[in-house]
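J.: For reference, the structure I am asking about is given below.
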Amino acid sequence: MKRSLRPLAATAVIFLIAYAASVLQFPSMLSTRVLGNFLTDNAFLGIAAVGMTFVIISGGIDLSVGAVIGFTGVLVAVLISWLGFHPLLAFVIVLGVAALFGAAMGAAIHYLQVPSFIVTLAGMFLARGGASVITQDSVPINHEFYGALSDLMIRLPGGGRLSFIGLLMIAIFLGGALLAHRTRFGSYVYALGGNPVSALLMGVPVARTTVQIYMLSSVLAALSGIVFSLYTSAGYPLAAVGVELDAISAVVIGGTLLTGGYGFVLGTFVGVMLLGLVQTYIIFDGTLSSWWTKIVIGILLFLFIVLQRIIFAASAPGEEKPEKALV
Amino acid sequence: MADTHYVLEARGIMKIFGNHVALDNIDFGLKAGEVHALLGENGAGKSTLIKILTGAYQPDGGGIYVDGAQVSLDNPLHAQTFGIGTVYQEVNLLPNRSVAENLFLGHQPLRFGFVNFRKMEADARVILKNYDLNIDPSSELGSHSVAVQQIVAIARAVQLSGKVLILDEPTASLDRNEVERLFEVVLGLKARGLAIIFITHFLDQVFAISDRVTVLRNGKLIETRALDALSRTDVVRLMLGKDIAFSGATDVEPSEAPNEVLLEFKGYGRKRSVLPFDLTIHKGEVVGVAGLLGSGRTEVARIMFGADPADQGTVRVNGQPTAIRKATDAIKHGFGFCPEDRKAEGILGDLSVRENIVIALQGKLGWFKALNRDEQMEIAGRFGESMDIRAASLDMPVKLLSGGNQQKVILSRWLATDPAFLILDEPTRGIDVGAHAEIVRTINRLRDEGMAMLVISSELDEVVAYSSRIVVMRDREMVAELRGKNINPGVIVQAIANNPDEAVA
Amino acid sequence: SIAQENLKGLTIGFSQIGSESGWRAAETSVTKQQAEERGIDLKFADAQQKQENQIKAIRGFIAQGVDAIVVAPVVATGWDDVLTEAKEAEIPVLLLDRGVDAPEDLYLTSVASDQVLEGRTAGDWLVKEVGDADCKIVELQGTVGSTPAINRKQGFEEAIAGHANLTIARSQTGDFTRAKGKEVMEGFIKAENGGADICAVYAHNDDMAVGAIQAIKDAGLKPGTDIKVVSIDGVPDIFAAMVAGEANATVELTPTWPVPPSTRSRHFSPMAPNPQSSSSPSPSSTRLPTIPRANTTPARA
Amino acid sequence: MKRLHLERLANPQLLALAAVLLINWILFPNFFRITWQDGRLFGSAIDVLNRGAPVAILAIGMTGVIATKGVDLSVGAIMAVCGAVAATMVVAGYPTPIAVIAALGVGVVCGLWNGFLVAVLDIQPIIATLVLMVAGRGIAQLITEGYIVTFNDPTLIFIGTGSLLGFPMAAVIALVLMILVTLVVKRTAIGLFIQAIGVNRSAASLAGINSRMLLMLVYGLSGFCAAIAGILVAADIRGADANNSGLWLELDAILAVVIGGTSLLGGKFSIPLAVVGAIIIQAMNTGILVSGFRPEFNLIVKAGMIILILMLQSPLVGSAIGFFRRDDKRVVSK
Ligand SMILES: Nc1ncnc2c1ncn2[C@@H]1O[C@H](COP(=O)(O)OP(=O)(O)OP(=O)(O)O)[C@@H](O)[C@H]1O
Ligand SMILES: Nc1ncnc2c1ncn2[C@@H]1O[C@H](COP(=O)(O)OP(=O)(O)OP(=O)(O)O)[C@@H](O)[C@H]1O
Ligand SMILES: [Mg+2]
Ligand SMILES: [Mg+2]
């Protein structure tokens with residue numbers, strides 16, 4: 001196996017082991033319904049995490065993701081319910097707004113040379129604040145097109161549903177993987193994360209690429225916001241609080257290095273599924289108090305990363321530079 | 001316009017860092033079909049001029065002309081569009097990506113808008129073949145030695161150069177064969193009419209392929225001249241502003257008087273890295289290590305120092321059996337180690353020159369016996385003086401120093417710890433003639449003072465100049481040990497080449 | 001009226017908002033205790049304040065085939081799809097604490113407190129308390145955008161609307177926490193002439209009020225006397241403060257659960273899936289008894 | 001001498017602080033009014049010091065972590081755990097010093113756990129500390145069983161709300177801690193070593209620095225600081241609020257460190273400037289409180305302020321400042 005694919009494989013193996021263990025305990029977890037739910041329930045997180053993967057591979061971080069989801073949800077809802085726009089038009093508008101927003105953040109990061117952490121933190125405040133200035137209440141969306149879109153699904157035998165948004169997430173993951181691993185843009189992203197100085201000297205258009213990366217992340221966050229609004233048929237300023245942390249964890253659990261330069265889009269998919277599995281497991285268990293829920297999530301997280309390291313170490317018996325910690 | 005046609009020209013270039021004038025009114029012209037050597041001491045401003053010529057830095061004055069037309073190069077990408085390919089001094093590639101991608105980044109062959117990996121890797125294999133490099137193009141660049149990376153950088157630049165090829169110390173840490181290979185490529189390009197800028201500290205190489213030389217000193221242009229009118233001494237005088245006494249490769253006087261044994265390695269080795277070897281090192285002895293690129297010299301050094309711990313064999317220090325599992329163990333026994341990969345494992349880029357010099361000594365002293373600022377200044381100043389480190393200030397970040405000066409800083413770092421056993425992996429890499437002679441002198445002096453050393457160098461003259469003994473590596477194995485008065489580069493080459501089973505690559 | 005045995009052995013999923021306050025923790029523990037008394041297998045899921053987690057939990061409950069689902073929704077909108085799924089799976093859903101904006105046939109019933117009324121009750125109390133005197137009020141809001149904060153603000157404003165002598169001088173969010181309540185109150189005191197201009201503080205929950213009381217004391221004023229304190233929830237610490245004369249009134253909300261304890265037979269039982277209930281006039285507005293505590297506990301020491 | 005003084009004042013952190021304070025003063029003219037009341041200073045400016053103290057204390061520990069190229073997301077959760085430990089112990093009747101020492105000990109243990117994951121298991125800091133960020137709050141709630149554990153222990157309350165020479169205890173503790181840690185870091189080689197591993201861990205290890213020990217130390221210190229902050233916050237409201245204590249404060253602490261000029265990529269750091277960063281953040285928060293903006297604008301105002309600070313710190317403006325500075329670099333060789 002190619003050395004670079006090992007973390008991905010390790011994560012996938014862990015997911016399978018964990019899933020098998022859960023099914024042994026709760027046989028009903030092996031149903032099309034649960035599998036369908038995995039996709040539908042994590043669609044918005046997955047889509048946002050694809051964008052986050054690019055940002056992290058490039059050596060940055062985007063804390064504004066959750067807030068952008070909340071903001072776009074509110075904007076879509078307001079455009080449709082208050083101003084009577086057609087949903088498709090509303091989608092175009094919010095994606096455009098998000099693209100500008102991301103471009104502005106990327107430009108600030110590149111030209112002002114401020115760490116992405118700060119810029120996107122300001123972006124997070126701005127988006128979340130903007131949403132609550134528009135409305136503090138949650139705004140329901142009642143539009144037949146919306147209803148139709150959120151009812152769009154393939155019913156599977158056994159009560160499962162492959163929803164539109166679940167499939168959309170898969171499509172985004174595949175597209176993201178192609179973009180990251182098969183295009184010049186993708187190689188620029190890795191180059192920036194590997195060594196920005198070298199990247200510049202090798203002729204990578206650093207400014208353009210940086211702007212594009214944050215644009216991509218914001219646009220995907222906005223798409224995730226649209227998905228979230230489809231999921232809940234509403235826009236709510238407090239929606240998706242903290243999703244950026246979930247997205248970052250999914251990315252990192254998926255084998256991407258937070259220091260940049262290494263990672264896989266499909267690893268993030270496994271990461272998202274793994275996080276979803278933990279939640280589903282806890283729901284199926286149903287005996288944990290609020291606090292034990294948190295403790296158990298922490299413990300499972302810990303077990304996953306340790307397991308991942310063990311599998312990785314076992315499959316790479318040669319030397320391993322301490323710098324390149326896996327998880 | 002001047003009567004000669006310059007493909008690339010710089011007129012009146014100024015570059016000022018803070019209040020340090022790095023380039024002062026430099027004129028430089030490059031003709032098609034010439035190899036133009038750019039020479040000067042460490043810190044003279046060669047790399048800075050290159051960076052300005054390729055858009056990596058913006059000049060503070062003066063202009064750049066391509067084919068007589070003034071251009072403003074915003075970034076290296078812009079320079080590439082004019083057909084200028086560059087190898088910068090420190091290998092500036094992406095260790096996290098594959099060899100093929102490093103060769104083609106920005107120019108990957110596409111199919112339906114997507115990168116065609118199969119073609120890219122096939123092309124890469126063909127290109128690498130020109131350099132006798134038989135590596136997997138899909139392997140991660142960072143998994144290869146500095147020398148391999150340097151070849152990849154050269155290959156990339158050659159690919160990109162339609163008009164001008166700039167090589168900033170491409171041959172540091174390449175072995176003879178590789179250098180010859182490179183020269184073949186360069187001469188081929190020259191014949192095709194490319195203009196080539198070549199920076200090196202090896203005068204032999206300058207004379208081997210260059211047509212003209214330009215010499216810089218302290219940021220000022222000294223002279224541009226045709227090479228055939230110059231002798232080695234002339235060039236050195238131009239560079240240093242004075243003559244130096246050349247310490248030839250002759251005065252090896254291995255003290256046959258058996259000194260005390262300092263180190264005894266028995267069956268020492270590491271799986272997948274170096275086959276077990278036996279080596280005894282005495283006090284006051286310099287053991288040179290020779291071998292081809294990739295023969296495992298660096299690995300031997302790392303195992304001895306515990307950077308990659310040995311997994312078999314034993315080591316005795318002063319007769320006492322001991323275990324060296326990590327660098328701190330080795331340092332406790334008075335070891336020191338100048339690694340080969342200066343950028344990744346040597347310098348602490350953002351820390352000051354002063355801090356870089358005292359760090360190992362401080363590490364030895366521990367957390368609580370801190371050297372105060374004055375003591376640090378004193379130590380750093382002392383070595384700055386004796387090693388002739390050219391820095392605007394001892395408080396400037398070491399990454400802003402010229403490459404050769406960084407090397408001196410790392411050497412100073414270990415000398416400051418007063419080691420009993422010093423491992424030097426390519427210590428003269430990127431060091432100018434003056435300093436080179438100085439380092440050879442230093443090694444000889446330290447040996448006479450009783451220090452034991454293991455020195456790896458691709459420059460055989462140099463190895464001969466200071467070694468008491470030379471071990472030869474081939475295919476990760478110590479295959480020969482040469483001693484006695486009659487060692488010379490020829491003998492070493494023979495020992496290296498004396499391959500029982502020929503033909504692998 | 002329903003025999004307790006009927007519930008024995010049933011599995012009920014409970015999607016709780018989270019454990020953000022003592023009040024919420026109390027609600028959870030009452031729920032668990034009640035379920036245990038009735039022999040119900042309670043599947044508990046803490047959503048950590050996130051609607052998406054609640055939806056996931058409900059879906060998980062459906063996949064497990066529970067007998068009923070109880071939800072304390074974090075927000076009113078966004079439940080149509082998942083409730084439809086539950087309905088298709090023929091699992092009755094009960095709403096706790098708060099109603100939702102979904103067709104009434106999607107859930108069995110809603111046992112909710114009227115948060116606007118809570119705010120109004122607090123406002124009415126203050127109106128009566130100050131009489132004709134001028135009163136500058138500072139308001140400690142809950143988390144910006146959260147439903148209780150919006151409703152409790154609205155109710156309070158409605159109550160004081162007709163009384164020109166009562167004005168809200170400053171209003172900031174204290175995030176429902178004691179620490180932020182204290183910090184915000186400190187700021188208000190500085191901004192309003194060292195607190196001398198403030199006549200009353202209205203906090204959207206008791207925890208913020210407890211924090212505000214400390215801030216008032218630190219500023220050298222007497223809470224309860226110099227500045228009146230009225231809040232909502234009825235947690236033990238506010239009663240302690242009332243006994244000490246440092247708080248004036250709270251609107252008490254007793255954590256409860258729709259499964260009828262013997263004393264609260266007014267509530268609907270999940271095990272009486274009355275086919276009519278979906279079409280009955282207003283099951284969703286069944287209200288928890290909100291007791292304006294001020295009337296029963298004249299707290300001035 | 002005078003020039004040196006000007007140079008100090010021209011650093012971007014102090015400029016940003018001045019800008020924020022100026023805005024506060026314009027929005028609320030009484031911002032700097034300080035009175036003497038009940039044996040203590042009283043005023044908005046004092047509130048800034050008092051309320052800023054927990055984040056400042058977190059920032060002290062966080063600076064070390066970030067200087068090693070790490071990050072500690074768990075400090076908020078550790079605050080909650082330590083506050084809970086201290087509160088439940090005093091409520092259970094243990095003497096206050098024992099309770100405080102136990103809480104501090106728990107903080108250090110939490111920090112060392114993080115350090116173990118990062119230094120020994122080589123797990124990326126963000127994910128290593130995420131474990132405790134999630135689980136820690138659960139542990140805190142487990143200790144308090146979800147309720148706010150209210151206490152009346154006078155010593156503990158004094159720690160939270162008392163004053164020394166008129167200054168709030170929290171601010172005094174933060175100041176003392178800042179001075180102590182800065183001294184330790186400057187007077188020993190620890191500071192240099194931290195920078196070295198932050199800049200280039202493999203080079204530092206080859207130069208003989210025991211990076212594992214150092215990382216353990218740094219994360220341990222961060223845990224210790226979080227414990228102090230947790231005790232302070234609990235003592236301030238006389239109760240341990242496991243769910244809310246320190247919630248999202250890790251972000252504020254990181255922000256403070258970054259505003260203080262320490263790069264998230266490790267290397268050079270300054271503890272005092274991180275504390276200034278914390279004060280800037282708090283000045284911003286207090287400014288919002290006293291200025292009377294509607295709360296739905298809080299985040300927008302905050303974003304605006306961060307953008308302002310960011311502009312002030314950007315190299316573009318930095319070079320303008322640098323114009324007024326003089327480099328007195330010593331030239332080493334001829
Ligand atoms: N970014 C920078 N900031 C400040 N000083 C710099 C910077 N880059 C280079 N210098 C200084 O400019 C001078 C010239 O450096 P340069 O790298 O061009 O030397 P060089 O001739 O290439 O030397 P070498 O042979 O050692 O590579 C040195 O004194 C160096 O310290
Ligand atoms: N021509 C080559 N073909 C394939 N692999 C090579 C070649 N040259 C070097 N390598 C690789 O580079 C590494 C070199 O190992 P090492 O650094 O110990 O060698 P060395 O003798 O110190 O050579 P140098 O320092 O000159 O690169 C090995 O992992 C080897 O696989
Ligand atoms: Mg150079
Ligand atoms: Mg080598």
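By convention in this document, the chains of the structure tokens carry letters A, B, ... by their order, each chain's residues are numbered from 1, and ligands are numbered from 1 in the order they are shown.
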Could you list, with a cut-off of 6 Å and counting only C-alpha atoms and all ligand atoms, the residues of chain B near ligand 3, each shown with its nearest atom pair and the distance in Å rounded to one decimal, rows sorted by chain and ascending number, as CSV?
T.:
residue,atom,partner,partner_atom_place_in_ligand_line,distance
B:Lys46,CA,ligand 3,1 (Mg),5.5
B:Ser47,CA,ligand 3,1 (Mg),4.0
B:Gln89,CA,ligand 3,1 (Mg),5.8
B:Ser402,CA,ligand 3,1 (Mg),5.3
B:Gly403,CA,ligand 3,1 (Mg),5.2
J.: Would you write out, as JSON lines, a table of all residues in chain D that have an atom no more than 6 Å from an atom of chain A, listing for each the closest atom pair and the distance in Å to one decimal, considering only C-alpha atoms and ordering rows by chain and rising residue number?
T.:
{"residue": "D:Asp122", "atom": "CA", "partner": "A:Ala325", "partner_atom": "CA", "distance": 5.4}
{"residue": "D:Ile123", "atom": "CA", "partner": "A:Val327", "partner_atom": "CA", "distance": 5.0}
{"residue": "D:Gln124", "atom": "CA", "partner": "A:Val327", "partner_atom": "CA", "distance": 5.1}
{"residue": "D:Val131", "atom": "CA", "partner": "A:Gly298", "partner_atom": "CA", "distance": 4.8}
{"residue": "D:Val134", "atom": "CA", "partner": "A:Gly298", "partner_atom": "CA", "distance": 5.5}
{"residue": "D:Ala135", "atom": "CA", "partner": "A:Ile295", "partner_atom": "CA", "distance": 4.0}
{"residue": "D:Gly138", "atom": "CA", "partner": "A:Trp291", "partner_atom": "CA", "distance": 4.1}
{"residue": "D:Gln141", "atom": "CA", "partner": "A:Trp291", "partner_atom": "CA", "distance": 5.7}
{"residue": "D:Leu142", "atom": "CA", "partner": "A:Trp291", "partner_atom": "CA", "distance": 5.7}
{"residue": "D:Glu296", "atom": "CA", "partner": "A:Val133", "partner_atom": "CA", "distance": 5.7}
{"residue": "D:Leu299", "atom": "CA", "partner": "A:Gly129", "partner_atom": "CA", "distance": 4.7}
{"residue": "D:Ile300", "atom": "CA", "partner": "A:Gly129", "partner_atom": "CA", "distance": 5.0}
{"residue": "D:Ala303", "atom": "CA", "partner": "A:Ala122", "partner_atom": "CA", "distance": 4.6}
{"residue": "D:Ser314", "atom": "CA", "partner": "A:Leu112", "partner_atom": "CA", "distance": 5.2}
J.: Could the residues that lie within 7 Å of ligand 1, counting only C-alpha atoms and all ligand atoms, be listed as an mmCIF file with N, CA, C and O atoms, in the first residue's frame?
T.:
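The resulting file, pocket.cif, is shown below:
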data_model
loop_
_atom_site.group_PDB
_atom_site.id
_atom_site.type_symbol
_atom_site.label_atom_id
_atom_site.label_comp_id
_atom_site.auth_asym_id
_atom_site.auth_seq_id
_atom_site.Cartn_x
_atom_site.Cartn_y
_atom_site.Cartn_z
ATOM 1 N N PHE B 17 18.239 45.434 3.538
ATOM 2 C CA PHE B 17 17.461 44.760 4.590
ATOM 3 C C PHE B 17 17.653 45.548 5.875
ATOM 4 O O PHE B 17 18.758 45.581 6.415
ATOM 5 N N GLY B 18 16.605 46.144 6.371
ATOM 6 C CA GLY B 18 16.762 46.956 7.585
ATOM 7 C C GLY B 18 17.745 48.063 7.285
ATOM 8 O O GLY B 18 17.495 48.904 6.429
ATOM 9 N N HIS B 20 20.963 47.154 6.551
ATOM 10 C CA HIS B 20 22.085 46.425 5.972
ATOM 11 C C HIS B 20 21.936 46.433 4.451
ATOM 12 O O HIS B 20 20.928 45.982 3.915
ATOM 13 N N ALA B 22 22.465 44.892 1.281
ATOM 14 C CA ALA B 22 22.851 43.564 0.802
ATOM 15 C C ALA B 22 23.372 43.646 -0.622
ATOM 16 O O ALA B 22 24.268 42.902 -0.998
ATOM 17 N N GLY B 40 31.559 34.774 -4.866
ATOM 18 C CA GLY B 40 31.713 35.691 -3.747
ATOM 19 C C GLY B 40 31.708 34.910 -2.456
ATOM 20 O O GLY B 40 31.302 33.746 -2.424
ATOM 21 N N GLU B 41 32.166 35.580 -1.397
ATOM 22 C CA GLU B 41 32.196 34.916 -0.100
ATOM 23 C C GLU B 41 30.779 34.654 0.388
ATOM 24 O O GLU B 41 29.810 35.171 -0.159
ATOM 25 N N ASN B 42 30.710 33.937 1.490
ATOM 26 C CA ASN B 42 29.402 33.757 2.127
ATOM 27 C C ASN B 42 28.858 35.116 2.538
ATOM 28 O O ASN B 42 29.541 35.912 3.167
ATOM 29 N N GLY B 43 27.638 35.357 2.163
ATOM 30 C CA GLY B 43 27.019 36.629 2.551
ATOM 31 C C GLY B 43 27.349 37.763 1.613
ATOM 32 O O GLY B 43 27.004 38.915 1.879
ATOM 33 N N ALA B 44 27.986 37.457 0.489
ATOM 34 C CA ALA B 44 28.353 38.527 -0.444
ATOM 35 C C ALA B 44 27.123 39.105 -1.138
ATOM 36 O O ALA B 44 27.136 40.251 -1.586
ATOM 37 N N GLY B 45 26.069 38.315 -1.235
ATOM 38 C CA GLY B 45 24.853 38.816 -1.857
ATOM 39 C C GLY B 45 24.433 38.049 -3.094
ATOM 40 O O GLY B 45 23.537 38.478 -3.819
ATOM 41 N N LYS B 46 25.057 36.905 -3.336
ATOM 42 C CA LYS B 46 24.759 36.144 -4.551
ATOM 43 C C LYS B 46 23.304 35.685 -4.563
ATOM 44 O O LYS B 46 22.565 35.921 -5.524
ATOM 45 N N SER B 47 22.889 35.029 -3.490
ATOM 46 C CA SER B 47 21.531 34.492 -3.466
ATOM 47 C C SER B 47 20.509 35.611 -3.517
ATOM 48 O O SER B 47 19.445 35.482 -4.130
ATOM 49 N N THR B 48 20.835 36.716 -2.871
ATOM 50 C CA THR B 48 19.908 37.843 -2.893
ATOM 51 C C THR B 48 19.720 38.354 -4.325
ATOM 52 O O THR B 48 18.599 38.626 -4.761
ATOM 53 N N LEU B 49 20.823 38.435 -5.060
ATOM 54 C CA LEU B 49 20.729 38.886 -6.448
ATOM 55 C C LEU B 49 19.857 37.915 -7.253
ATOM 56 O O LEU B 49 18.996 38.330 -8.040
ATOM 57 N N GLN B 89 19.072 28.270 -3.345
ATOM 58 C CA GLN B 89 20.161 27.665 -2.589
ATOM 59 C C GLN B 89 19.687 26.564 -1.641
ATOM 60 O O GLN B 89 20.149 25.445 -1.714
ATOM 61 N N GLY B 219 28.269 42.804 -1.018
ATOM 62 C CA GLY B 219 27.148 43.467 -1.684
ATOM 63 C C GLY B 219 27.543 44.389 -2.816
ATOM 64 O O GLY B 219 26.694 45.051 -3.397
ATOM 65 N N ARG B 390 29.244 36.147 9.138
ATOM 66 C CA ARG B 390 28.811 37.460 8.665
ATOM 67 C C ARG B 390 27.328 37.644 8.958
ATOM 68 O O ARG B 390 26.479 37.103 8.273
ATOM 69 N N ALA B 391 27.051 38.384 9.991
ATOM 70 C CA ALA B 391 25.659 38.670 10.316
ATOM 71 C C ALA B 391 25.570 40.125 10.710
ATOM 72 O O ALA B 391 26.475 40.654 11.350
ATOM 73 N N ALA B 392 24.486 40.776 10.319
ATOM 74 C CA ALA B 392 24.342 42.182 10.665
ATOM 75 C C ALA B 392 24.320 42.328 12.178
ATOM 76 O O ALA B 392 24.776 43.310 12.732
ATOM 77 N N LEU B 400 17.816 34.390 8.306
ATOM 78 C CA LEU B 400 18.129 35.472 7.376
ATOM 79 C C LEU B 400 19.601 35.486 6.981
ATOM 80 O O LEU B 400 20.011 36.261 6.128
ATOM 81 N N LEU B 401 20.391 34.635 7.616
ATOM 82 C CA LEU B 401 21.799 34.571 7.239
ATOM 83 C C LEU B 401 21.972 33.885 5.892
ATOM 84 O O LEU B 401 21.131 33.091 5.487
ATOM 85 N N SER B 402 23.074 34.153 5.245
ATOM 86 C CA SER B 402 23.359 33.434 4.007
ATOM 87 C C SER B 402 23.656 31.986 4.362
ATOM 88 O O SER B 402 23.997 31.658 5.495
ATOM 89 N N GLY B 403 23.495 31.106 3.366
ATOM 90 C CA GLY B 403 23.596 29.677 3.618
ATOM 91 C C GLY B 403 24.903 29.272 4.295
ATOM 92 O O GLY B 403 24.910 28.533 5.277
ATOM 93 N N GLY B 404 25.986 29.762 3.799
ATOM 94 C CA GLY B 404 27.272 29.383 4.350
ATOM 95 C C GLY B 404 27.424 29.831 5.791
ATOM 96 O O GLY B 404 27.978 29.112 6.629
ATOM 97 N N ASN B 405 26.896 30.994 6.082
ATOM 98 C CA ASN B 405 26.996 31.488 7.446
ATOM 99 C C ASN B 405 26.136 30.670 8.399
ATOM 100 O O ASN B 405 26.499 30.477 9.564
ATOM 101 N N GLY B 430 28.369 24.429 1.139
ATOM 102 C CA GLY B 430 27.978 25.813 0.920
ATOM 103 C C GLY B 430 28.904 26.831 1.552
ATOM 104 O O GLY B 430 28.532 27.979 1.725
ATOM 105 N N ILE B 431 30.109 26.399 1.894
ATOM 106 C CA ILE B 431 31.005 27.331 2.567
ATOM 107 C C ILE B 431 32.045 27.866 1.581
ATOM 108 O O ILE B 431 32.546 27.120 0.736
ATOM 109 N N ASP B 432 32.353 29.144 1.676
ATOM 110 C CA ASP B 432 33.222 29.748 0.659
ATOM 111 C C ASP B 432 34.683 29.326 0.839
ATOM 112 O O ASP B 432 35.043 28.746 1.862
#
J.: Provide as an MDAnalysis selection string the residues of chain D at most 10 Å from chain C, counting only C-alpha atoms.
T.: chainID D and resid 28:31 33:35 37:38 40 42:44 47:48 50:51 141 144:150 161:162 233:234 236:246 285:298
J.: Can you tell me which residues come within 12 Å of ligand 4 when counting only C-alpha atoms and all ligand atoms, ideally as a VMD selection string?
T.: chain B and resid 144 to 149 172 to 175 289 to 302 338 to 342 424 to 427 429 455 to 458 473 476
J.: Counting only C-alpha atoms, what is within 12 Å of A:Pro27, bar same-chain residues fewer than 5 positions away, as a ChimeraX atom specification?
T.: /A:19-22,32,34,281,284-285 /C:63-64
J.: Could you give me, as a compact mmCIF listing (two decimals) with C-alpha atoms, in the first residue's frame, each residue of stretch 57-228 of chain C that DSSP assigns to helix (DSSP H, G or I) when run on this structure's backbone?
T.:
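Saved as part-v4.txt:
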# COMPACT_ATOMS: atom_id res chain seq x y z
CA ALA C 57 -31.70 11.26 18.63
CA ILE C 58 -35.31 11.06 17.46
CA ARG C 59 -34.21 9.25 14.33
CA GLY C 60 -32.18 6.89 16.48
CA PHE C 61 -35.20 6.24 18.68
CA ILE C 62 -37.29 5.49 15.62
CA ALA C 63 -34.66 3.09 14.34
CA GLN C 64 -34.71 1.30 17.66
CA ASP C 80 -41.83 18.57 10.46
CA ASP C 81 -39.71 16.01 8.70
CA VAL C 82 -38.57 14.05 11.67
CA LEU C 83 -41.99 14.09 13.26
CA THR C 84 -43.46 12.82 10.02
CA GLU C 85 -40.97 10.01 10.12
CA ALA C 86 -42.06 9.15 13.64
CA LYS C 87 -45.67 9.25 12.61
CA GLU C 88 -44.99 6.92 9.71
CA GLU C 104 -50.67 19.28 15.31
CA ASP C 105 -51.32 15.84 13.91
CA LEU C 106 -47.60 15.12 14.01
CA GLN C 115 -42.70 31.46 28.42
CA VAL C 116 -44.38 34.67 27.41
CA LEU C 117 -46.66 34.27 30.37
CA GLU C 118 -43.63 33.75 32.59
CA GLY C 119 -42.20 37.04 31.46
CA ARG C 120 -45.57 38.73 31.84
CA THR C 121 -45.97 37.36 35.34
CA ALA C 122 -42.63 38.83 36.34
CA GLY C 123 -43.58 42.13 34.73
CA ASP C 124 -47.00 42.21 36.39
CA TRP C 125 -45.40 41.60 39.74
CA LEU C 126 -43.03 44.49 39.25
CA VAL C 127 -45.78 46.81 38.06
CA LYS C 128 -47.73 46.09 41.20
CA GLU C 129 -44.66 46.32 43.40
CA VAL C 130 -43.53 49.78 42.33
CA THR C 147 -36.48 31.00 22.50
CA PRO C 148 -36.89 31.54 26.25
CA ALA C 149 -34.93 34.77 26.03
CA ILE C 150 -37.12 36.08 23.23
CA ASN C 151 -40.37 35.04 24.88
CA ARG C 152 -39.53 36.13 28.40
CA LYS C 153 -38.45 39.49 27.08
CA GLN C 154 -41.64 39.83 25.10
CA GLY C 155 -43.89 38.89 28.01
CA PHE C 156 -42.17 41.29 30.36
CA GLU C 157 -42.38 44.12 27.88
CA GLU C 158 -46.07 43.44 27.37
CA ALA C 159 -46.65 43.64 31.09
CA ILE C 160 -44.97 46.98 31.57
CA ARG C 178 -24.35 33.28 36.95
CA ALA C 179 -20.90 34.54 36.01
CA LYS C 180 -22.10 36.56 33.03
CA GLY C 181 -25.07 37.81 35.03
CA LYS C 182 -22.65 39.18 37.57
CA GLU C 183 -20.35 40.71 34.98
CA VAL C 184 -23.16 42.38 33.07
CA MET C 185 -24.71 43.72 36.24
CA GLU C 186 -21.36 45.21 37.23
CA GLY C 187 -21.29 47.00 33.92
CA PHE C 188 -24.87 48.25 34.34
CA ILE C 189 -24.09 49.61 37.77
CA LYS C 190 -21.13 51.57 36.46
CA ALA C 191 -23.15 52.81 33.54
CA ASN C 193 -24.47 56.21 38.06
CA GLY C 194 -23.02 53.60 40.38
CA GLY C 195 -26.32 51.80 40.52
CA ASP C 206 -32.49 32.79 38.47
CA ASP C 207 -28.84 32.03 37.92
CA MET C 208 -28.24 35.41 36.34
CA ALA C 209 -30.19 37.00 39.16
CA VAL C 210 -27.95 35.33 41.73
CA GLY C 211 -24.92 36.72 39.90
CA ALA C 212 -26.52 40.15 39.74
CA ILE C 213 -27.21 40.10 43.47
CA GLN C 214 -23.52 39.57 44.13
CA ALA C 215 -22.61 42.41 41.81
CA ILE C 216 -25.06 44.70 43.61
CA LYS C 217 -23.56 43.77 46.95
CA ASP C 218 -20.03 44.30 45.69
